[in-house]
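A.B. asks: Let me give you the structure first, and then I'll get to my questions.
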Amino acid sequence: MSPKQQRGEATADLLLTSALNVYATSGQQGFTVNAVTAASGVSLGSLYHHFGSFDGLAGALYTRCTEQLFDEMIAALHRSRTARSGLRALVQAYLRFTVEHRDAALFLHASAYSGYLAARAEEIRAVKAAKLAVVADWMRARIEKGEIVPLPGPLIEVLVMGPVAEAARRWLSSTYDLDLDQAARLLPDAIWRSLRPA
């Protein structure tokens with residue numbers, strides 16, 4: 001990689017990191033192009049050069065946070081030996097990510113339906129599809145072994161990810177009295193009961 005390419009990657013990374021920090025400290029209302037350029041010290045022209053628009057930057061940040069979350073969940077799955085331990089590991093990885101990377105988790109949950117993601121909608125969809133395919137392959141192998149009840153992939157995704165994402169969302173919102181440690185202890189077995197063979 002040439003020095004120019006290295007500088008370009010460093011600038012893009014600085015913009016993404018600064019954007020997440022701005023979102024975490026100022027919320028959606030304060031998440032503006034001016035705030036990000038001020039926080040990063042990077043010019044507006046450079047931001048547009050790297051991301052095309054502020055929406056492009058927000059979409060790239062969403063993609064980055066999504067990849068981080070799924071990479072942690074997939075690594076946890078691959079360290080597991082059974083269907084039950086894998087589901088436990090996946091749930092706990094998601095909730096651990098929520099605590100350890102609160103800013104990224106908050107951005108993911110708060111931005112999921114934001115208009116500024118439209119600029120990178122296809123890229124976001126492709127990244128999610130690729131990551132979900134890895135999880136689906138892991139589930140499919142357990143279904144074939146008779147360790148998980150044979151349900152359509154999207155329904156398994158809802159049964160596994162739905163409760164975990166909602167627990168994380170409620171914890172992040174601070175308007176609900178939800179103990180995430182308790183969720184990490186209890187949700188895996190509750191989810192397992194919905195997926196184990198009869």
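Quick note on naming: the chains in the structure tokens go A, B, ... in the order shown, residues restart at 1 in each chain, and ligands are numbered from 1 in order of appearance.
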List the neighbours of Asp181 of chain A out to 10 Å using only C-alpha atoms; skip same-chain residues closer than 6 positions along the sequence, and give me the result as a CSV table (one decimal) with all heavy atoms, in the first residue's frame.
C.D. replies:
chain,number,residue,atom,x,y,z
A,92,GLN,N,-24.6,-14.3,24.4
A,92,GLN,CA,-23.7,-13.6,25.3
A,92,GLN,C,-22.7,-12.6,24.6
A,92,GLN,O,-22.4,-11.6,25.1
A,92,GLN,CB,-23.0,-14.6,26.2
A,92,GLN,CG,-23.9,-15.2,27.2
A,92,GLN,CD,-23.3,-16.3,28.1
A,92,GLN,OE1,-22.3,-16.8,27.8
A,92,GLN,NE2,-24.0,-16.6,29.2
A,95,LEU,N,-24.7,-9.4,23.8
A,95,LEU,CA,-24.9,-8.6,24.9
A,95,LEU,C,-23.5,-8.0,25.5
A,95,LEU,O,-23.5,-6.9,25.9
A,95,LEU,CB,-25.6,-9.4,26.0
A,95,LEU,CG,-27.0,-9.8,25.6
A,95,LEU,CD1,-27.7,-10.6,26.7
A,95,LEU,CD2,-27.9,-8.6,25.2
A,96,ARG,N,-22.5,-8.8,25.4
A,96,ARG,CA,-21.1,-8.3,25.8
A,96,ARG,C,-20.7,-7.2,24.9
A,96,ARG,O,-20.2,-6.1,25.3
A,96,ARG,CB,-20.1,-9.5,25.8
A,96,ARG,CG,-18.8,-9.1,26.3
A,96,ARG,CD,-17.9,-10.3,26.5
A,96,ARG,NE,-17.8,-11.2,25.3
A,96,ARG,CZ,-18.4,-12.4,25.2
A,96,ARG,NH1,-19.1,-12.9,26.2
A,96,ARG,NH2,-18.3,-13.1,24.1
A,99,VAL,N,-22.3,-3.9,25.9
A,99,VAL,CA,-21.7,-3.3,27.1
A,99,VAL,C,-20.3,-2.7,26.7
A,99,VAL,O,-20.0,-1.6,27.0
A,99,VAL,CB,-21.6,-4.3,28.2
A,99,VAL,CG1,-20.8,-3.7,29.4
A,99,VAL,CG2,-23.0,-4.7,28.7
A.B. asks: Using only C-alpha atoms, find each residue of segment 77-139 of chain A with at least one atom at most 7 Å away from an atom of segment 50-64 of chain A; report its shortest atom-to-atom pair and that distance in Å (one decimal), sort the rows by chain and rising residue number, and return the result as a tab-separated table.
C.D. replies:
residue	atom	partner	partner_atom	distance
A:Leu108	CA	A:Tyr62	CA	6.2
A:Tyr116	CA	A:Asp55	CA	4.7
A:Leu117	CA	A:Gly59	CA	4.8
A:Ala119	CA	A:Gly56	CA	5.5
A:Arg120	CA	A:Gly59	CA	5.2
A:Ile124	CA	A:Thr63	CA	5.6
A.B. asks: Export C-alpha atoms of the chosen residues as a PDB file, in the first residue's frame?
C.D. replies:
ATOM      1  CA  LEU A 108     -26.679   0.457  15.438  1.00  0.00           C
ATOM      2  CA  TYR A 116     -29.196   8.615   6.217  1.00  0.00           C
ATOM      3  CA  LEU A 117     -28.490   4.920   5.768  1.00  0.00           C
ATOM      4  CA  ALA A 119     -26.933   6.134   0.732  1.00  0.00           C
ATOM      5  CA  ARG A 120     -25.287   2.805   1.529  1.00  0.00           C
ATOM      6  CA  ILE A 124     -25.282  -2.574   4.341  1.00  0.00           C
TER       7      ILE A 124
END
A.B. asks: Can you list, as a PDB file with N, CA, C and O atoms, in the first residue's frame, every protein, DNA or RNA residue that comes within 9 Å of Lys131 of chain A when you count only C-alpha atoms, leaving out same-chain residues fewer than 3 positions away?
C.D. replies:
ATOM      1  N   GLU A  67     -20.297  -5.014  11.185  1.00  0.00           N
ATOM      2  CA  GLU A  67     -19.246  -6.019  11.003  1.00  0.00           C
ATOM      3  C   GLU A  67     -18.591  -6.369  12.345  1.00  0.00           C
ATOM      4  O   GLU A  67     -18.331  -7.546  12.622  1.00  0.00           O
ATOM      5  N   PHE A  70     -21.098  -8.637  14.346  1.00  0.00           N
ATOM      6  CA  PHE A  70     -21.219  -9.985  13.795  1.00  0.00           C
ATOM      7  C   PHE A  70     -19.918 -10.763  13.905  1.00  0.00           C
ATOM      8  O   PHE A  70     -19.939 -11.977  14.147  1.00  0.00           O
ATOM      9  N   ASP A  71     -18.787 -10.101  13.748  1.00  0.00           N
ATOM     10  CA  ASP A  71     -17.503 -10.807  13.879  1.00  0.00           C
ATOM     11  C   ASP A  71     -17.349 -11.386  15.276  1.00  0.00           C
ATOM     12  O   ASP A  71     -16.853 -12.509  15.441  1.00  0.00           O
ATOM     13  N   ILE A  74     -19.844 -14.384  15.519  1.00  0.00           N
ATOM     14  CA  ILE A  74     -19.390 -15.529  14.717  1.00  0.00           C
ATOM     15  C   ILE A  74     -18.199 -16.213  15.384  1.00  0.00           C
ATOM     16  O   ILE A  74     -18.118 -17.445  15.430  1.00  0.00           O
ATOM     17  N   ALA A 126     -25.708  -6.115   1.858  1.00  0.00           N
ATOM     18  CA  ALA A 126     -24.749  -7.147   1.449  1.00  0.00           C
ATOM     19  C   ALA A 126     -23.884  -7.606   2.621  1.00  0.00           C
ATOM     20  O   ALA A 126     -23.628  -8.805   2.790  1.00  0.00           O
ATOM     21  N   VAL A 127     -23.441  -6.671   3.439  1.00  0.00           N
ATOM     22  CA  VAL A 127     -22.625  -7.025   4.603  1.00  0.00           C
ATOM     23  C   VAL A 127     -23.438  -7.880   5.570  1.00  0.00           C
ATOM     24  O   VAL A 127     -22.976  -8.921   6.045  1.00  0.00           O
ATOM     25  N   LYS A 128     -24.660  -7.447   5.861  1.00  0.00           N
ATOM     26  CA  LYS A 128     -25.510  -8.217   6.776  1.00  0.00           C
ATOM     27  C   LYS A 128     -25.784  -9.610   6.208  1.00  0.00           C
ATOM     28  O   LYS A 128     -25.747 -10.608   6.940  1.00  0.00           O
ATOM     29  N   VAL A 134     -23.108 -16.871   7.403  1.00  0.00           N
ATOM     30  CA  VAL A 134     -22.198 -17.670   8.232  1.00  0.00           C
ATOM     31  C   VAL A 134     -22.956 -18.257   9.419  1.00  0.00           C
ATOM     32  O   VAL A 134     -22.807 -19.440   9.740  1.00  0.00           O
ATOM     33  N   VAL A 135     -23.774 -17.421  10.067  1.00  0.00           N
ATOM     34  CA  VAL A 135     -24.575 -17.893  11.196  1.00  0.00           C
ATOM     35  C   VAL A 135     -25.585 -18.945  10.712  1.00  0.00           C
ATOM     36  O   VAL A 135     -25.761 -19.990  11.353  1.00  0.00           O
ATOM     37  N   ALA A 136     -26.206 -18.694   9.582  1.00  0.00           N
ATOM     38  CA  ALA A 136     -27.189 -19.635   9.037  1.00  0.00           C
ATOM     39  C   ALA A 136     -26.544 -20.977   8.698  1.00  0.00           C
ATOM     40  O   ALA A 136     -27.142 -22.037   8.937  1.00  0.00           O
TER      41      ALA A 136
END
A.B. asks: Within 12 Å of Gly8 of chain A, counting only C-alpha atoms, which residues qualify if same-chain residues fewer than 6 places away don't, as a PyMOL selection string?
C.D. replies: chain A and resi 1-2+14-15+42+46-47+49-51
A.B. asks: What's the 10 Å shell around Leu77 of chain A, counting only C-alpha atoms, without same-chain residues fewer than 4 positions away, as a PyMOL selection string?
C.D. replies: chain A and resi 71-73+81-83+85-91+93+134-135+138-139
A.B. asks: Within 12 Å of Ala183 of chain A, counting only C-alpha atoms, which residues show up once you throw out same-chain ones fewer than 3 positions away? Write them as a list of chain:residue names, please.
C.D. replies: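 Listed by chain and then number, they are A:Arg88, A:Val91, A:Gln92, A:Tyr94, A:Leu95, A:Arg96, A:Pro163, A:Val164, A:Ala165, A:Glu166, A:Ala167, A:Ala168, A:Arg170, A:Trp171, A:Asp177, A:Leu178, A:Asp179, A:Leu180, A:Leu186, A:Leu187, A:Pro188, A:Asp189, A:Ala190, A:Ile191.
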A.B. asks: Please produce a file of the residues just selected, as an mmCIF file, in the first residue's frame, where the atoms kept are N, CA, C and O atoms.
C.D. replies:
data_model
loop_
_atom_site.group_PDB
_atom_site.id
_atom_site.type_symbol
_atom_site.label_atom_id
_atom_site.label_comp_id
_atom_site.auth_asym_id
_atom_site.auth_seq_id
_atom_site.Cartn_x
_atom_site.Cartn_y
_atom_site.Cartn_z
ATOM 1 N N ARG A 88 -25.839 -20.079 23.379
ATOM 2 C CA ARG A 88 -25.462 -19.321 24.578
ATOM 3 C C ARG A 88 -24.339 -18.342 24.239
ATOM 4 O O ARG A 88 -24.377 -17.169 24.610
ATOM 5 N N VAL A 91 -25.630 -15.347 22.059
ATOM 6 C CA VAL A 91 -26.410 -14.395 22.863
ATOM 7 C C VAL A 91 -25.483 -13.578 23.753
ATOM 8 O O VAL A 91 -25.566 -12.343 23.815
ATOM 9 N N GLN A 92 -24.577 -14.251 24.420
ATOM 10 C CA GLN A 92 -23.684 -13.557 25.340
ATOM 11 C C GLN A 92 -22.716 -12.640 24.607
ATOM 12 O O GLN A 92 -22.383 -11.562 25.101
ATOM 13 N N TYR A 94 -23.372 -10.995 21.810
ATOM 14 C CA TYR A 94 -24.157 -9.815 21.435
ATOM 15 C C TYR A 94 -24.291 -8.863 22.629
ATOM 16 O O TYR A 94 -24.059 -7.655 22.510
ATOM 17 N N LEU A 95 -24.653 -9.419 23.777
ATOM 18 C CA LEU A 95 -24.857 -8.571 24.950
ATOM 19 C C LEU A 95 -23.536 -8.019 25.476
ATOM 20 O O LEU A 95 -23.483 -6.879 25.932
ATOM 21 N N ARG A 96 -22.472 -8.796 25.387
ATOM 22 C CA ARG A 96 -21.150 -8.302 25.792
ATOM 23 C C ARG A 96 -20.711 -7.151 24.875
ATOM 24 O O ARG A 96 -20.186 -6.139 25.336
ATOM 25 N N PRO A 163 -35.130 -11.514 20.711
ATOM 26 C CA PRO A 163 -35.077 -11.222 22.147
ATOM 27 C C PRO A 163 -33.777 -10.531 22.573
ATOM 28 O O PRO A 163 -33.783 -9.653 23.436
ATOM 29 N N VAL A 164 -32.675 -10.921 21.943
ATOM 30 C CA VAL A 164 -31.373 -10.352 22.313
ATOM 31 C C VAL A 164 -31.302 -8.883 21.900
ATOM 32 O O VAL A 164 -30.879 -8.016 22.681
ATOM 33 N N ALA A 165 -31.717 -8.601 20.680
ATOM 34 C CA ALA A 165 -31.691 -7.218 20.193
ATOM 35 C C ALA A 165 -32.621 -6.334 21.015
ATOM 36 O O ALA A 165 -32.282 -5.189 21.330
ATOM 37 N N GLU A 166 -33.783 -6.860 21.377
ATOM 38 C CA GLU A 166 -34.726 -6.067 22.183
ATOM 39 C C GLU A 166 -34.177 -5.822 23.584
ATOM 40 O O GLU A 166 -34.312 -4.712 24.118
ATOM 41 N N ALA A 167 -33.537 -6.813 24.173
ATOM 42 C CA ALA A 167 -32.925 -6.611 25.496
ATOM 43 C C ALA A 167 -31.841 -5.544 25.415
ATOM 44 O O ALA A 167 -31.773 -4.649 26.264
ATOM 45 N N ALA A 168 -31.007 -5.622 24.385
ATOM 46 C CA ALA A 168 -29.944 -4.624 24.215
ATOM 47 C C ALA A 168 -30.543 -3.237 23.997
ATOM 48 O O ALA A 168 -30.091 -2.252 24.587
ATOM 49 N N ARG A 170 -33.436 -2.045 24.939
ATOM 50 C CA ARG A 170 -34.014 -1.521 26.180
ATOM 51 C C ARG A 170 -32.928 -1.071 27.152
ATOM 52 O O ARG A 170 -33.065 -0.040 27.797
ATOM 53 N N TRP A 171 -31.854 -1.841 27.256
ATOM 54 C CA TRP A 171 -30.761 -1.463 28.150
ATOM 55 C C TRP A 171 -30.107 -0.159 27.686
ATOM 56 O O TRP A 171 -29.814 0.712 28.490
ATOM 57 N N ASP A 177 -36.052 -0.758 33.128
ATOM 58 C CA ASP A 177 -35.264 -1.350 34.201
ATOM 59 C C ASP A 177 -34.898 -2.761 33.768
ATOM 60 O O ASP A 177 -35.587 -3.728 34.108
ATOM 61 N N LEU A 178 -33.830 -2.889 32.981
ATOM 62 C CA LEU A 178 -33.436 -4.193 32.462
ATOM 63 C C LEU A 178 -32.000 -4.478 32.885
ATOM 64 O O LEU A 178 -31.103 -3.680 32.638
ATOM 65 N N ASP A 179 -31.806 -5.611 33.530
ATOM 66 C CA ASP A 179 -30.492 -6.046 33.989
ATOM 67 C C ASP A 179 -29.874 -6.891 32.878
ATOM 68 O O ASP A 179 -30.322 -8.013 32.621
ATOM 69 N N LEU A 180 -28.849 -6.364 32.221
ATOM 70 C CA LEU A 180 -28.251 -7.064 31.085
ATOM 71 C C LEU A 180 -27.493 -8.308 31.529
ATOM 72 O O LEU A 180 -27.441 -9.292 30.784
ATOM 73 N N LEU A 186 -30.187 -15.626 31.567
ATOM 74 C CA LEU A 186 -31.481 -16.284 31.377
ATOM 75 C C LEU A 186 -31.921 -16.445 29.915
ATOM 76 O O LEU A 186 -32.590 -17.425 29.579
ATOM 77 N N LEU A 187 -31.590 -15.486 29.068
ATOM 78 C CA LEU A 187 -32.058 -15.557 27.675
ATOM 79 C C LEU A 187 -31.546 -16.782 26.918
ATOM 80 O O LEU A 187 -32.312 -17.382 26.154
ATOM 81 N N PRO A 188 -30.271 -17.175 27.068
ATOM 82 C CA PRO A 188 -29.823 -18.334 26.281
ATOM 83 C C PRO A 188 -30.672 -19.582 26.489
ATOM 84 O O PRO A 188 -31.030 -20.258 25.517
ATOM 85 N N ASP A 189 -31.024 -19.883 27.742
ATOM 86 C CA ASP A 189 -31.836 -21.088 27.981
ATOM 87 C C ASP A 189 -33.258 -20.917 27.460
ATOM 88 O O ASP A 189 -33.859 -21.872 26.943
ATOM 89 N N ALA A 190 -33.800 -19.704 27.579
ATOM 90 C CA ALA A 190 -35.146 -19.458 27.053
ATOM 91 C C ALA A 190 -35.153 -19.618 25.541
ATOM 92 O O ALA A 190 -36.088 -20.222 24.969
ATOM 93 N N ILE A 191 -34.138 -19.103 24.868
ATOM 94 C CA ILE A 191 -34.044 -19.235 23.406
ATOM 95 C C ILE A 191 -33.809 -20.701 23.041
ATOM 96 O O ILE A 191 -34.419 -21.215 22.088
#
A.B. asks: Just the number, please: distance in Å from atom CA of Pro152 of chain A to atom CA of Arg125 of chain A, one decimal.
C.D. replies: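 Result for atom CA of Pro152 of chain A versus atom CA of Arg125 of chain A: 19.6 Å, one decimal.
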A.B. asks: Could you pull the residues within 8 Å of Arg196 of chain A, counting only C-alpha atoms, minus those fewer than 4 positions along the same chain, as a PyMOL selection string?
C.D. replies: chain A and resi 147-149+192
A.B. asks: Suppose you want the space between atom CA of Tyr48 of chain A and atom CA of Ala24 of chain A; what is it in Å?
C.D. replies: 22.0 Å
A.B. asks: Between A:Glu144, A:Phe97, A:Pro3, A:Ala104, which one has atoms that come closest to Thr17 of chain A, using only C-alpha atoms?
C.D. replies: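 Smallest distance to Thr17 of chain A is found for A:Ala104.
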A.B. asks: A:Ala75, A:Ala133, A:Ile156, A:Leu172: which is nearest Ala110 of chain A, counting only C-alpha atoms?
C.D. replies: A:Leu172
A.B. asks: Just give me the gap between atom CA of Phe31 of chain A and atom CA of Ala19 of chain A in Å, one decimal is fine.
C.D. replies: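 About the pair atom CA of Phe31 of chain A and atom CA of Ala19 of chain A: they are 7.5 Å apart.
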